[in-house]
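Q: This one is data18.pdb, PDB, C-alpha atoms.
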ATOM      1  CA  ILE Z 140     -93.043  10.084 192.607
ATOM      2  CA  GLU Z 141     -92.847   9.613 196.402
ATOM      3  CA  PRO Z 142     -91.428   6.022 196.185
ATOM      4  CA  LEU Z 143     -88.537   7.494 194.169
ATOM      5  CA  ALA Z 144     -87.554   9.998 196.868
ATOM      6  CA  LYS Z 145     -83.754  10.352 197.128
ATOM      7  CA  ARG Z 146     -83.251   7.575 194.576
ATOM      8  CA  THR Z 147     -81.412   7.757 191.240
ATOM      9  CA  VAL Z 148     -83.576   8.703 188.258
ATOM     10  CA  ILE Z 149     -82.617   9.340 184.633
ATOM     11  CA  VAL Z 150     -84.851  11.072 182.111
ATOM     12  CA  VAL Z 151     -83.738  11.299 178.486
ATOM     13  CA  THR Z 152     -85.023  14.713 177.429
ATOM     14  CA  ASN Z 153     -85.580  13.796 173.765
ATOM     15  CA  ASN Z 154     -89.359  13.685 173.132
ATOM     16  CA  CYS Z 155     -89.950  13.730 176.879
ATOM     17  CA  ILE Z 156     -88.860  17.197 178.002
ATOM     18  CA  PHE Z 157     -88.041  18.777 174.625
ATOM     19  CA  THR Z 158     -89.308  17.807 171.182
ATOM     20  CA  GLU Z 159     -86.782  16.119 168.904
ATOM     21  CA  GLU Z 160     -87.352  18.946 166.428
ATOM     22  CA  ASP Z 161     -86.346  21.586 168.979
ATOM     23  CA  ILE Z 162     -83.250  19.606 170.007
ATOM     24  CA  VAL Z 163     -82.121  19.330 166.378
ATOM     25  CA  LYS Z 164     -82.730  23.062 165.827
ATOM     26  CA  THR Z 165     -80.758  23.888 168.977
ATOM     27  CA  PHE Z 166     -77.861  21.745 167.775
ATOM     28  CA  ASN Z 167     -77.837  23.045 164.205
ATOM     29  CA  ASN Z 168     -78.158  26.726 165.118
ATOM     30  CA  GLY Z 169     -75.676  26.665 168.018
ATOM     31  CA  LYS Z 170     -75.274  30.018 169.738
ATOM     32  CA  ASN Z 171     -77.858  31.563 167.390
ATOM     33  CA  ALA Z 172     -80.534  29.093 168.452
ATOM     34  CA  SER Z 173     -83.444  30.210 170.568
ATOM     35  CA  VAL Z 174     -83.871  28.558 173.959
ATOM     36  CA  PRO Z 175     -85.944  25.382 173.422
ATOM     37  CA  LYS Z 176     -89.354  25.170 175.055
ATOM     38  CA  ILE Z 177     -90.282  22.424 177.472
ATOM     39  CA  ILE Z 178     -93.065  20.155 176.219
ATOM     40  CA  PRO Z 179     -96.398  21.319 177.678
ATOM     41  CA  GLY Z 180     -97.432  19.135 180.584
ATOM     42  CA  ALA Z 181     -93.921  17.803 181.297
ATOM     43  CA  LEU Z 182     -92.863  20.573 183.678
ATOM     44  CA  PRO Z 183     -94.825  19.640 186.866
ATOM     45  CA  SER Z 184     -93.442  16.074 186.869
ATOM     46  CA  LEU Z 185     -89.955  17.311 185.971
ATOM     47  CA  LEU Z 186     -89.927  19.825 188.841
ATOM     48  CA  LYS Z 187     -91.188  17.197 191.287
ATOM     49  CA  LEU Z 188     -88.442  14.796 190.196
ATOM     50  CA  ALA Z 189     -85.835  17.549 190.573
ATOM     51  CA  GLN Z 190     -87.153  18.326 194.033
ATOM     52  CA  THR Z 191     -87.392  14.787 195.412
ATOM     53  CA  THR Z 192     -84.956  12.501 193.530
ATOM     54  CA  ASN Z 193     -81.314  12.372 192.489
ATOM     55  CA  LEU Z 194     -82.268  13.372 188.956
ATOM     56  CA  HIS Z 195     -79.968  13.112 185.945
ATOM     57  CA  LEU Z 196     -81.002  14.328 182.483
ATOM     58  CA  ILE Z 197     -79.543  13.063 179.204
ATOM     59  CA  THR Z 198     -79.944  14.927 175.921
ATOM     60  CA  GLN Z 199     -78.897  13.260 172.681
ATOM     61  CA  PHE Z 200     -77.811  15.688 169.985
ATOM     62  CA  PRO Z 201     -77.425  14.656 166.331
ATOM     63  CA  HIS Z 202     -74.105  13.014 165.474
ATOM     64  CA  SER Z 203     -71.460  15.527 164.385
ATOM     65  CA  SER Z 204     -69.728  13.055 162.015
ATOM     66  CA  HIS Z 205     -66.186  14.200 162.764
ATOM     67  CA  ASP Z 206     -63.692  12.271 160.614
ATOM     68  CA  ASP Z 207     -60.797  13.349 162.818
ATOM     69  CA  LEU Z 208     -61.790  13.769 166.451
ATOM     70  CA  THR Z 209     -58.500  15.386 167.528
ATOM     71  CA  PRO Z 210     -59.271  18.960 166.363
ATOM     72  CA  PHE Z 211     -62.869  18.549 167.551
ATOM     73  CA  ILE Z 212     -61.699  17.578 171.048
ATOM     74  CA  GLU Z 213     -58.922  20.202 171.178
ATOM     75  CA  ALA Z 214     -61.449  22.915 170.349
ATOM     76  CA  ARG Z 215     -63.609  21.922 173.312
ATOM     77  CA  VAL Z 216     -61.120  21.126 176.085
ATOM     78  CA  VAL Z 217     -60.134  24.001 178.369
ATOM     79  CA  PRO Z 218     -57.479  24.176 181.123
ATOM     80  CA  SER Z 219     -58.641  22.913 184.486
ATOM     81  CA  LYS Z 220     -57.380  22.817 188.057
ATOM     82  CA  ARG Z 221     -59.092  19.440 188.455
ATOM     83  CA  SER Z 222     -57.217  17.619 185.690
ATOM     84  CA  VAL Z 223     -53.914  18.014 183.861
ATOM     85  CA  HIS Z 224     -55.773  16.964 180.724
ATOM     86  CA  GLY Z 225     -58.238  19.837 181.025
ATOM     87  CA  GLU Z 226     -61.997  19.522 181.007
ATOM     88  CA  TRP Z 227     -64.771  19.641 178.449
ATOM     89  CA  ALA Z 228     -66.064  23.127 177.717
ATOM     90  CA  ILE Z 229     -69.798  23.625 177.463
ATOM     91  CA  ASP Z 230     -70.852  23.921 173.828
ATOM     92  CA  ALA Z 231     -73.423  26.482 172.683
ATOM     93  CA  PRO Z 232     -76.209  23.878 172.194
ATOM     94  CA  GLU Z 233     -75.591  22.498 175.685
ATOM     95  CA  LYS Z 234     -75.801  26.015 177.122
ATOM     96  CA  LYS Z 235     -79.204  26.480 175.465
ATOM     97  CA  ILE Z 236     -80.543  23.275 177.034
ATOM     98  CA  LEU Z 237     -79.191  24.300 180.450
ATOM     99  CA  LYS Z 238     -80.710  27.775 180.051
ATOM    100  CA  ALA Z 239     -84.117  26.273 179.212
ATOM    101  CA  LEU Z 240     -83.983  24.061 182.319
ATOM    102  CA  ASP Z 241     -82.829  26.960 184.480
ATOM    103  CA  LYS Z 242     -85.550  29.243 183.126
ATOM    104  CA  ALA Z 243     -88.137  26.544 183.899
ATOM    105  CA  GLY Z 244     -86.965  26.358 187.528
ATOM    106  CA  VAL Z 245     -85.473  22.852 187.428
ATOM    107  CA  PHE Z 246     -82.253  23.841 189.207
ATOM    108  CA  ALA Z 247     -84.065  26.002 191.749
ATOM    109  CA  ALA Z 248     -86.405  23.087 192.500
ATOM    110  CA  GLY Z 249     -83.547  20.930 193.740
ATOM    111  CA  MET Z 250     -81.366  19.714 190.889
ATOM    112  CA  HIS Z 251     -78.527  22.005 191.928
ATOM    113  CA  ASN Z 252     -75.688  20.320 190.048
ATOM    114  CA  THR Z 253     -75.729  21.201 186.340
ATOM    115  CA  ARG Z 254     -73.190  18.393 185.824
ATOM    116  CA  GLN Z 255     -76.127  16.020 186.178
ATOM    117  CA  CYS Z 256     -77.321  17.313 182.802
ATOM    118  CA  LEU Z 257     -75.479  15.016 180.437
ATOM    119  CA  PHE Z 258     -75.095  15.009 176.664
ATOM    120  CA  CYS Z 259     -74.313  12.442 173.985
ATOM    121  CA  GLU Z 260     -74.482  12.004 170.221
ATOM    122  CA  SER Z 261     -75.573   8.373 169.937
ATOM    123  CA  THR Z 262     -78.190   5.943 171.180
ATOM    124  CA  ASP Z 263     -75.389   3.813 172.631
ATOM    125  CA  GLY Z 264     -74.254   6.860 174.580
ATOM    126  CA  ARG Z 265     -77.564   6.983 176.420
ATOM    127  CA  GLY Z 266     -77.117   3.449 177.703
ATOM    128  CA  PHE Z 267     -73.471   3.855 178.651
ATOM    129  CA  ILE Z 268     -74.223   7.050 180.573
ATOM    130  CA  ALA Z 269     -77.145   5.397 182.376
ATOM    131  CA  ARG Z 270     -75.045   2.409 183.398
ATOM    132  CA  THR Z 271     -72.189   4.645 184.615
ATOM    133  CA  VAL Z 272     -74.572   6.818 186.640
ATOM    134  CA  SER Z 273     -76.203   3.715 188.121
ATOM    135  CA  GLU Z 274     -72.851   2.285 189.185
ATOM    136  CA  ASN Z 275     -71.526   5.502 190.716
ATOM    137  CA  ALA Z 276     -74.452   7.465 192.171
ATOM    138  CA  ASP Z 277     -74.376   8.074 195.927
ATOM    139  CA  SER Z 278     -78.128   7.478 195.920
ATOM    140  CA  GLY Z 279     -77.669   3.886 194.783
ATOM    141  CA  PRO Z 280     -78.468   2.028 191.555
ATOM    142  CA  LEU Z 281     -80.772   3.469 188.939
ATOM    143  CA  ALA Z 282     -84.385   3.214 190.105
ATOM    144  CA  LEU Z 283     -86.128   4.708 187.055
ATOM    145  CA  HIS Z 284     -85.084   5.355 183.465
ATOM    146  CA  VAL Z 285     -87.299   7.245 180.983
ATOM    147  CA  ASP Z 286     -86.358   7.015 177.295
ATOM    148  CA  ASP Z 287     -87.891   7.218 173.809
ATOM    149  CA  ARG Z 288     -85.443   4.999 171.888
ATOM    150  CA  THR Z 289     -86.294   1.319 171.633
ATOM    151  CA  GLU Z 290     -82.631   0.353 171.131
ATOM    152  CA  SER Z 291     -81.318   2.034 174.278
ATOM    153  CA  VAL Z 292     -84.286   0.790 176.319
ATOM    154  CA  GLU Z 293     -83.716  -2.803 175.203
ATOM    155  CA  TRP Z 294     -79.978  -2.622 175.922
ATOM    156  CA  LEU Z 295     -80.489  -1.005 179.307
ATOM    157  CA  GLN Z 296     -83.121  -3.510 180.432
ATOM    158  CA  ASN Z 297     -80.757  -6.382 179.786
ATOM    159  CA  VAL Z 298     -77.898  -4.670 181.650
ATOM    160  CA  LEU Z 299     -79.876  -3.169 184.566
ATOM    161  CA  SER Z 300     -82.696  -5.659 184.976
ATOM    162  CA  ASN Z 301     -83.866  -4.241 188.335
ATOM    163  CA  THR Z 302     -84.474  -0.756 186.938
ATOM    164  CA  THR Z 303     -88.014   0.377 186.149
ATOM    165  CA  VAL Z 304     -87.998   1.557 182.530
ATOM    166  CA  VAL Z 305     -90.570   3.859 180.983
ATOM    167  CA  GLY Z 306     -90.746   4.041 177.197
ATOM    168  CA  ILE Z 307     -92.070   7.237 175.657
ATOM    169  CA  ARG Z 308     -94.323   6.507 172.681
ATOM    170  CA  THR Z 309     -93.453   8.491 169.528
ATOM    171  CA  LEU Z 310     -94.400   8.385 165.852
ATOM    172  CA  GLN Z 311     -91.022   6.782 165.184
ATOM    173  CA  ASN Z 312     -91.340   3.870 167.647
ATOM    174  CA  ASN Z 313     -95.167   3.447 167.632
ATOM    175  CA  GLY Z 314     -94.889   2.376 171.261
ATOM    176  CA  LYS Z 315     -93.267  -0.931 170.243
ATOM    177  CA  PHE Z 316     -90.583  -1.687 172.818
ATOM    178  CA  SER Z 317     -89.135  -5.210 172.872
ATOM    179  CA  ARG Z 318     -89.572  -7.476 175.873
ATOM    180  CA  PRO Z 319     -86.161  -7.866 177.539
ATOM    181  CA  LYS Z 320     -84.488 -11.232 178.134
ATOM    182  CA  ARG Z 321     -84.394 -10.340 181.814
ATOM    183  CA  GLY Z 322     -86.562  -8.010 183.865
ATOM    184  CA  GLU Z 323     -89.940  -6.486 183.205
ATOM    185  CA  PRO Z 324     -90.947  -4.897 179.889
ATOM    186  CA  ALA Z 325     -90.966  -1.128 179.598
ATOM    187  CA  GLU Z 326     -94.101   0.661 180.673
ATOM    188  CA  VAL Z 327     -95.074   2.549 177.515
ATOM    189  CA  VAL Z 328     -96.753   5.958 177.849
ATOM    190  CA  GLY Z 329     -97.230   9.036 175.716
ATOM    191  CA  SER Z 330     -95.600  11.463 178.132
ATOM    192  CA  LEU Z 331     -93.882  11.952 181.468
ATOM    193  CA  ALA Z 332     -97.096  13.409 182.879
ATOM    194  CA  GLU Z 333     -99.110  10.397 181.753
ATOM    195  CA  TYR Z 334     -96.789   8.002 183.585
ATOM    196  CA  PHE Z 335     -96.880   9.865 186.876
ATOM    197  CA  GLU Z 336    -100.604  10.570 186.653
ATOM    198  CA  GLU Z 337    -101.212   6.826 186.241
ATOM    199  CA  GLN Z 338     -99.120   6.128 189.332
ATOM    200  CA  LYS Z 339    -101.495   8.129 191.564
TER
END
Just dump the structure as structure tokens.

A:
Amino acid sequence: IEPLAKRTVIVVTNNCIFTEEDIVKTFNNGKNASVPKIIPGALPSLLKLAQTTNLHLITQFPHSSHDDLTPFIEARVVPSKRSVHGEWAIDAPEKKILKALDKAGVFAAGMHNTRQCLFCESTDGRGFIARTVSENADSGPLALHVDDRTESVEWLQNVLSNTTVVGIRTLQNNGKFSRPKRGEPAEVVGSLAEYFEEQK
């Protein structure tokens, strides 16, 4: 982790910090959901990343399938002093994810800005968020991206070819990540802990 000190890092929490099953339950149950548990073994690496890097976390929730986005957006935008258009209110599922991270000590460890916990509803959203963070972070371009979706990994590697990408092996992807047209292939591991243990 030391070579990543003060650099920009993104970890997609799906199947890396939280199980996909727990994320889906959190989304479906909303405010009645229990706080999801962090995957055993992931916490030490997560806390170290929060302490030493400019860490951003992305959680992909299931797609809401809104036919008309206007009422959906209006229900979630609240007045703001920062923008005449208002700002996005934190949904119940997002609050549960933030509470789980807070309870685990991630914010106390050094990731003080909860706005660096980002949410999306599509695989494309993961890539777009990662590219935007990479282009705008004060700590420079994205140094490391950890993800479990082969599609977003492949897209990201072709857009940010100088970023180290770690693919999390799952039953769904069988560890089969495509070789990008540019850049190095993803380093495929079973967990966040496995990747950082191998780096020692």

Q: Under the PyMOL selection byres ((chain Z and resi 270) around 9), which residues of this model are included? Write them out as an MDAnalysis selection string.

A: chainID Z and resid 265:269 271:275 280:281 295 298:299

Q: Could you list, as an MDAnalysis selection string, every residue matched by the PyMOL selection byres ((chain Z and resi 314) around 12) in this structure?

A: chainID Z and resid 286:289 292 305:313 315:317 324:330

Q: For Z:Ala181, which of Z:Val150, Z:Gly169, Z:Gly279, Z:Ile197 is the closest residue, counting all atoms listed in the file?

A: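 Using all atoms listed in the file, the shortest distance to Z:Ala181 belongs to Z:Val150.
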
Q: Enclose all atoms of stretch 244-263 of chain Z listed in the file in an axis-aligned box, grow every side by 4 Å, and hand back centre and edge lengths in Å to one decimal, as lines of an AutoDock Vina configuration file.

A:
center_x = -80.1
center_y = 15.1
center_z = 181.8
size_x = 21.8
size_y = 30.5
size_z = 31.8

Q: Using all atoms listed in the file, which of the listed residues (Z:Ser173, Z:Thr165, Z:Ala243, Z:Leu182) sits closest to Z:Asp230?

A: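 That would be Z:Thr165, the residue with the smallest distance to Z:Asp230.
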